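What follows is a set of notes on a single structure, which appears directly below.
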Amino acid sequence: MSKIKEYLKQINILSLIVYALLSWFIIAFLLYPNINLIIKTFIKDGQFSFRAFEKLFSSKRAMMSLRNSFILAFSMIITVNIVGTFIVLVTEYFEVKGAKILKIGFMSTLVYCGIVLVAGYQFLYSSNGFLAKILADSVLFYNEEWFIGYSAVLFIMTFACTSNHMIFLTNAIRNIDHGTIEAAQNMGASQLMILRKVVLPVLKPTFFSITILTFLTGLSAISAPIVVGGKTFQTINPMILQFSKSPVSRDIGALMAIVLGIATLLLLVIMNRVEKGGNYISISKVKTKIVKQKINNRTVNAVVHIIAYILFVIYVAPMILVILFSFTNTLAINSVDLSFSNFSLSNYMLLFTRKGAFEPYIVSIVYSMSAAVIVAVICLVASNIIHRKKGTVGTILEFLLLIPWLLPATLIAMGLIMTYDLPKPIMFNKNLVGSPLLMLSAYVIVTLPFSLRMLKAAFFGLDDALGDAAKSMGASGFYTFRRVILPILMPSVLAVIVLTFNNLLANYDLSVFLYHPAYKPLGIVIKTATEQRSTQDSKAIMFVYSVILMIISTLAIYFFYGRNTKRK
Amino acid sequence: MITFENIVIKYNDFVAINDFNLEIEEGEFFTLLGPSGCGKTTLLRSVVGFIDVFSGRIKVKSDDITNLPTEKRNIGIVFQSYALFPTMNVFENIAFGLKVKNLGKEEIEKEVYEIAAKVDLNEKQLLRNVSELSGGQQQRVAIARALVLKPRILCLDEPLSNLDAKLRGQLRMELKKLQRDFGITTIYVTHDQEEALTLSDRIAVFNKGHLEQVGTPHEIYNESESEFVCDFIGDINKINGNVIDTINSLSDKKFDRNKTAFLRTERVLTKCNDSEYIKLNSEIVDYEYNGLFTKYYYRVNDGIIMNVEKNDGLEYSSIGGKIDLYINPADIKQF
Amino acid sequence: MKKTLQIMLVLIIGASINLYASGQTDTAGEQGAHKDKLVVYTNSGSNGRDQWITELANENGFNITVVEGGGGDIFNRLIAEKNSPIADVVFGLNMLNFAELKKQGILMQYEPAWASEVDPSMKDSDGYYNGIVKQAIVLVYNPEVFSEDTAPKDWPDLWQNPEYYGKYNIFGLGGGTSRTVLAGIAMRYRDSDGELGISSEGWNEIKQYIQKGYMNAEGEDYVQNLVDKKIPMTMLWGSGVIDKQDAYNTVFGVMTPEVGVPFVVEQLGVLEGTDSQETAKAFVEWFGSSEVQAAWAQEFGTSPANSVAMKSAKAEAVELDKVLSKAQYIDWAFVLENVNQWVEKIELEFIE
């Protein structure tokens with residue numbers, strides 16, 4: 001009895017509130033709407049319908065697409081990790097001339113992504129593209145058709161998905177104790193051996209996180225397959241998107257998503273196991289800052305330089321072309337004509353002289369930033385709990401927060417609308433449909449798993465003793481978190497905020513169902529300005545929007561992330 | 001000062017500490033000594049409040065602190081990694097706990113400067129980032145950070161491991177001096193018996209979650225109460241079979257030839273007139289020159305006996321040389 | 001850094017509260033006719049059409065906000081929001097969609113004065129929705145590739161004559177245009193005993209239609225493909241014919257089948273259960289009127305469903321209207337009942 005009393009005394013009100021809020025969020029936003037949707041989708045006339053299973057598994061196309069999605073995801077684990085690790089090593093670990101410029105090029109995917117990036121690559125490499133024309137003339141046996149199907153999708157996805165490496169692997173390399181490298185050198189290890197046996201193992205936790213994200217990105221690829229996949233390499237997600245929109249076929253869409261979800265879940269479980277097995281926390285008391293390694297072997301050095309610069313061109317060329325052609329018109333773009341007479345500012349003028357042209361930018365920036373900050377806060381609180389409660393509570397909490405990874409954005413949107421179109425007690429009898437908060441909650445939900453994954457990794461890198469030390473000096477849990485843990489995690493938190501922000505900025509799939517009439521987000525404006533129906537200069541206008549998005553994203557990165565890391 | 005009553009600590013099903021009882025005196029430098037995994041750190045963490053005890057009580061003076069949260073215990077701790085906050089400079093690290101207490105700016109400064117002076121950190125160092133400090137300086141910051149809060153007890157969790165031998169020796173003395181100056185009750189965790197012997201007022205030797213022996217360094221060393229303590233502390237001869245038979249034949253004491261007999265190396269003499277000593281014939285098989293001492297390995301029957309000789313400037317005896325060893329059967333322990 | 005973050009946080013929270021607060025008043029609406037703010041859903045908002053109508057409505061005393069998106073998206077959004085509609089008025093979706101909206105009880109019965117000027121085949125007989133713009137759905141070809149003689153005469157030619165294999169473009173089946181073409185084909189093989197109302201021969205034909213065709217990838221410029229002779233034929237909607245000819249400075253050949261051309265008619269309707277029904281009705285009365293529809297047609301090259309407005313449409317539209325004088329008969333009720341399943345079957349079984 002007295003034990004219970006004492007225990008109750010220990011629970012402070014603050015943490016009680018935090019737990020209550022977190023539980024409410026999970027039930028109200030992650031469980032209730034999604035379960036509601038699944039039930040409404042699969043249970044017809046009070047009976048569970050197996051129709052979707054039969055349809056799905058007897059469809060050759062669906063099976064092929066599913067297979068392709070997995071092929072892509074597994075291929076990407078290899079290619080993205082190779083390219084990603086290489087570009088991080090040449091910018092952070094090895095001494096490569098012009099590393100700073102290279103770095104800017106490799107970082108470009110942070111601001112230049114999604115459908116825009118795919119369009120840029122296609123513009124460059126497709127059979128009547130800019131580069132294809134040059135290469136076909138100069139390179140013997142150049143196969144113009146390579147840029148369709150598996151090779152093209154993998155090529156684009158590989159170069160599009162190295163952002164996580166550039167941010168998180170870079171951070172991890174900077175945290176390596178140079179002493180360990182010197183020690184290995186001293187013991188006569190070759191550079192390759194040091195890299196393989198000393199450096200890469202320390203980066204293992206980071207690799208795990210990035211690999212999971214890469215796999216998921218591969219599984220859920222949309223833009224690249226539909227644009228360059230051709231007949232031979234279509235993936236499942238475009239089908240999911242289409243089916244989940246149709247009320248009749250929604251069950252098939254949901255089922256496909258669940259198949260992907262199970263695969264994701266399996267991977268997460270395996271990764272979590274492996275991750276628990278080996279976390280490397282630096283045990284050095286006095287870390288020395290990492291010094292870039294000069295590659296001793298001359299030939300290897302030359303080859304590394306050459307590859308680095310080829311990659312640089314691959315990264316930067318599509319972006320530069322998009323910027324250049326944003327000043328021309330559709331005709332010039334289609335005929336790949338860069339003559340000076342085609343250049344004008346008219347595209348830009350057109351977009352900004354429209355009445356209310358700036359509103360969508362403000363709406364999207366406010367929405368994306370609010371969502372990014374809210375997500376960061378939720379993930380910080382959650383990771384803190386997951387980190388401290390290593391048992392069942394932590395595991396359950398983690399998997400609950402990863403639910404949005406198991407469902408496509410469209411279904412999440414549908415679930416929200418179908419659940420909160422009438423006042424519900426759990427929403428304090430407020431109607432979410434019709435409120436601007438609807439889209440905000442959806443933005444928060446879909447970006448939650450990514451942020452959680454990244455912040456969790458950051459938490460694992462922390463020395464537990466830091467929190468203990470603060471406590472022993474009388475600091476409460478909250479104070480410790482605010483004054484000790486948070487400042488250390490700040491670079492990771494800011495990185496996550498920026499990535500979430502950039503990710504949401506031009507969102508269409510979710511927004512189109514959820515946006516409030518008074519607040520039209522950028523994604524909708526871009527889509528209607530560039531979709532098939534519109535005629536004049538739609539391609540040029542898409543390029544213009546791409547450029548504007550790049551500028552906003554770059555500013556966001558500079559403002560939130562760049563300045564901060566520089567000061568360090 | 002600190003009383004442990006029937007402490008049991010469990011990790012799920014694994015019992016880390018079983019029915020542990022101990023009393024630590026006010027102002028004492030008390031060391032928990034044992035090999036890794038013996039439960040000493042677990043016990044320390046339960047004192048600070050990082051680990052909940054399964055049953056039993058921990059009392060400080062008359063206060064029962066068993067269920068008090070860490071932040072309310074006022075017990076300072078210095079970690080093996082020091083756990084200095086990397087985002088704060090030295091001053092901020094030391095001032096941390098004072099800020100938690102919401103002290104005024106001036107008071108904080110006064111306290112920090114005072115403690116800094118005592119641990120020998122100058123004003124310039126106070127403004128440096130903790131990552132720029134040497135290992136010794138980091139230790140002093142970690143100690144200052146704990147002491148500035150005037151804790152009832154100071155806990156130190158292997159603060160000297162991971163340091164080089166010379167620095168370790170130096171810091172050991174600093175630590176001892178600081179503890180004396182402050183007169184603070186200190187619990188020190190280590191697996192290094194030399195550290196334990198030099199620093200402690202009393203030592204508790206741990207093995208597999210239970211207490212083997214508690215006593216002053218002298219008692220622990222000279223009056224070891226178990227095989228484990230004998231073996232774990234200091235350098236000792238383990239005598240078996242035929243050698244025991246020889247000893248039995250030369251003295252009144254009868255040792256069991258089937259059990260190991262223990263004899264401290266420094267108790268084996270090469271010159272002796274004392275009649276209580278018995279003489280064993282031996283041959284030098286090896287030696288280790290150590291500057292201050294030389295450690296010799298002798299063959300007696302089919303066993304090896306070691307001793308240490310203080311260096312007197314003369315050449316050391318050569319391998320193969322015959323020599324007589326003198327031992328006192330009263331020094332031999334069997335359990 | 002800390003300062004910046006704090007400021008950001010305050011701004012964001014402020015903005016969110018502001019968003020929420022203003023959102024609440026928006027939906028609550030104010031009293032008094034024409035003072036109500038109207039929310040108008042449409043899939044015909046691109047090309048500055050949303051701005052055009054907003055401004056014109058404003059001059060006429062209406063305060064409207066246009067919510068735009070793809071046809072399928074807007075339709076799904078309306079269905080999902082069934083229990084608490086945000087829109088007051090919806091226009092631009094085809095009869096298929098409107099029939100479903102009516103079935104689900106999302107629309108309100110309202111017959112504006114101008115309804116009598118719209119042909120009965122282009123509106124709901126119960127007065128839940130009325131046509132404003134008719135779109136003939138046609139096949140266009142590059143006249144440099146096919147002459148009037150060598151061009152296909154009817155849709156089945158495309159997959160029955162090897163000459164045309166792989167040379168005609170099919171839009172994604174999520175969109176209205178592609179579904180209407182499908183409906184036009186399916187109507188020919190209607191069989192109440194067949195799977196989903198279509199005979200097995202019909203399914204075979206549809207399979208051929210899909211597999212012998214080319215489906216443009218997203219973002220692929222199918223008009224450019226036609227101009228470049230890569231895929232010299234594509235399906236297209238009526239106003240698109242006029243628009244694209246202008247934009248690409250070219251002239252298309254237009255196929256005119258014997259059975260007639262399937263027409264979709266973009267509809268206009270008022271939603272059930274909104275707070276501003278009177279204003280919404282007034283807006284529909286105004287927007288569907290022959291004057292406004294004529295102006296709209298002049299501006300965007302559409303063919304008004306309103307017979308009075310049709311007289312003052314763009315010359316090209318009038319011309320096209322004459323060429324496509326014969327409408328193919330389509331039983332929309334039949335199509336409505338089955339089209340989603342047709343599309344599902346095609347997506348799963350026919351598309352390779």
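Starting from 1 in every chain, residues are counted up; chains themselves are A, B, ... following the order of the structure tokens, and ligands are numbered from 1 as listed.
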Would you mind listing, for every residue of chain A within 7 Å of chain C, the two atoms forming the shortest contact and the distance between them in Å to one decimal, using only C-alpha atoms, sorted by chain and ascending residue number, as a Markdown table?
| residue | atom | partner | partner_atom | distance |
| --- | --- | --- | --- | --- |
| A:Ser59 | CA | C:Leu348 | CA | 5.1 |
| A:Lys60 | CA | C:Glu349 | CA | 6.8 |
| A:Arg61 | CA | C:Glu352 | CA | 5.9 |
| A:Ala62 | CA | C:Leu348 | CA | 6.3 |
| A:Ile226 | CA | C:Ala217 | CA | 5.8 |
| A:Val227 | CA | C:Ala217 | CA | 5.3 |
| A:Lys231 | CA | C:Glu352 | CA | 6.8 |
| A:Lys245 | CA | C:Asn76 | CA | 6.8 |
| A:Val248 | CA | C:Asn340 | CA | 6.1 |
| A:Ser249 | CA | C:Glu344 | CA | 6.5 |
| A:Val366 | CA | C:Ile12 | CA | 6.6 |
| A:Ser370 | CA | C:Ile12 | CA | 5.7 |
| A:Met414 | CA | C:Ala80 | CA | 6.9 |
| A:Ile417 | CA | C:Ala80 | CA | 6.1 |
| A:Met418 | CA | C:Ala80 | CA | 6.0 |
| A:Asp421 | CA | C:Ser84 | CA | 5.5 |
| A:Leu422 | CA | C:Asn83 | CA | 6.7 |
| A:Val433 | CA | C:Ser84 | CA | 6.9 |
| A:Gly434 | CA | C:Ile86 | CA | 5.8 |
| A:Ser435 | CA | C:Gly23 | CA | 5.7 |
| A:Pro436 | CA | C:Tyr20 | CA | 5.8 |
| A:Leu437 | CA | C:Tyr20 | CA | 6.5 |
| A:Val512 | CA | C:Gly69 | CA | 6.4 |
| A:Phe513 | CA | C:Arg77 | CA | 5.4 |
| A:Pro517 | CA | C:Val67 | CA | 5.6 |
| A:Ala518 | CA | C:Thr65 | CA | 6.8 |
| A:Ile524 | CA | C:Gly69 | CA | 6.8 |
| A:Thr528 | CA | C:Ser46 | CA | 5.3 |
| A:Ala529 | CA | C:Ser46 | CA | 6.1 |
| A:Ser534 | CA | C:Asn47 | CA | 5.5 |
| A:Thr535 | CA | C:Ala247 | CA | 6.3 |
| A:Gln536 | CA | C:Ala247 | CA | 5.9 |
Please identify all residues of chain A having at least one atom at most 6 Å from any atom of chain B, considering only C-alpha atoms, and return them as a PyMOL selection string. chain A and resi 465-466+471-475
Could you check how far CA of Leu156 (chain B) sits from CA of Ile236 (chain B), in Å to one decimal? 28.4 Å
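Between Met306 (chain B) and the candidates B:Thr294, B:Ser251, B:Thr190, B:Ser224, the tightest atom-to-atom separation, counting only C-alpha atoms, involves B:Thr294.
The residues of region 111-144 of chain B that DSSP classifies as helix (DSSP H, G or I), using the backbone of this structure, are Glu111, Val112, Tyr113, Glu114, Ile115, Ala116, Ala117, Lys118, Glu123, Lys124, Gln125, Leu126, Val130, Ser131, Glu132, Gly135, Gly136, Gln137, Gln138, Gln139, Arg140, Val141, Ala142, Ile143 and Ala144 of chain B.
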Using only C-alpha atoms: which of A:Arg388, A:Met427, A:Gly467, A:Ile306 has the shortest distance to Gly98 (chain A): A:Ile306
What are the DSSP strand (DSSP E or B) residues of region 69-235 of chain C, as a PyMOL selection string? chain C and resi 89-91+107-108+118+123+130-141+168-170+190-195+198+214-215+233-235
Would you save the residues from that selection as an mmCIF file, in the first residue's frame, using C-alpha atoms?
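Saved to out-v8.cif:
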data_model
loop_
_atom_site.group_PDB
_atom_site.id
_atom_site.type_symbol
_atom_site.label_atom_id
_atom_site.label_comp_id
_atom_site.auth_asym_id
_atom_site.auth_seq_id
_atom_site.Cartn_x
_atom_site.Cartn_y
_atom_site.Cartn_z
ATOM 1 C CA VAL C 89 -21.953 24.689 -55.584
ATOM 2 C CA VAL C 90 -20.200 22.256 -57.874
ATOM 3 C CA PHE C 91 -19.709 22.493 -61.614
ATOM 4 C CA LEU C 107 -27.257 17.303 -54.382
ATOM 5 C CA MET C 108 -30.286 19.458 -53.893
ATOM 6 C CA VAL C 118 -30.842 23.122 -72.145
ATOM 7 C CA LYS C 123 -29.629 17.576 -67.761
ATOM 8 C CA ASN C 130 -28.260 20.959 -65.385
ATOM 9 C CA GLY C 131 -25.723 20.971 -68.195
ATOM 10 C CA ILE C 132 -23.599 24.016 -68.883
ATOM 11 C CA VAL C 133 -20.821 22.871 -71.222
ATOM 12 C CA LYS C 134 -20.890 20.003 -73.665
ATOM 13 C CA GLN C 135 -17.769 18.258 -74.620
ATOM 14 C CA ALA C 136 -17.664 15.939 -77.562
ATOM 15 C CA ILE C 137 -15.141 13.217 -76.888
ATOM 16 C CA VAL C 138 -13.298 12.561 -80.106
ATOM 17 C CA LEU C 139 -10.289 10.944 -81.654
ATOM 18 C CA VAL C 140 -7.952 13.401 -83.348
ATOM 19 C CA TYR C 141 -5.084 12.530 -85.671
ATOM 20 C CA TYR C 168 -3.412 5.785 -80.693
ATOM 21 C CA ASN C 169 -3.130 7.301 -77.276
ATOM 22 C CA ILE C 170 -5.410 6.351 -74.397
ATOM 23 C CA ARG C 190 -24.197 -4.395 -73.964
ATOM 24 C CA ASP C 191 -25.435 -7.769 -72.791
ATOM 25 C CA SER C 192 -27.420 -8.110 -69.624
ATOM 26 C CA ASP C 193 -26.156 -11.697 -69.192
ATOM 27 C CA GLY C 194 -22.515 -10.778 -69.736
ATOM 28 C CA GLU C 195 -19.968 -9.995 -67.084
ATOM 29 C CA ILE C 198 -20.949 -6.621 -71.340
ATOM 30 C CA TYR C 214 -0.532 3.438 -76.166
ATOM 31 C CA MET C 215 -1.073 4.855 -72.682
ATOM 32 C CA MET C 233 -3.628 9.749 -82.757
ATOM 33 C CA THR C 234 -5.129 10.600 -79.391
ATOM 34 C CA MET C 235 -8.463 10.908 -77.688
#
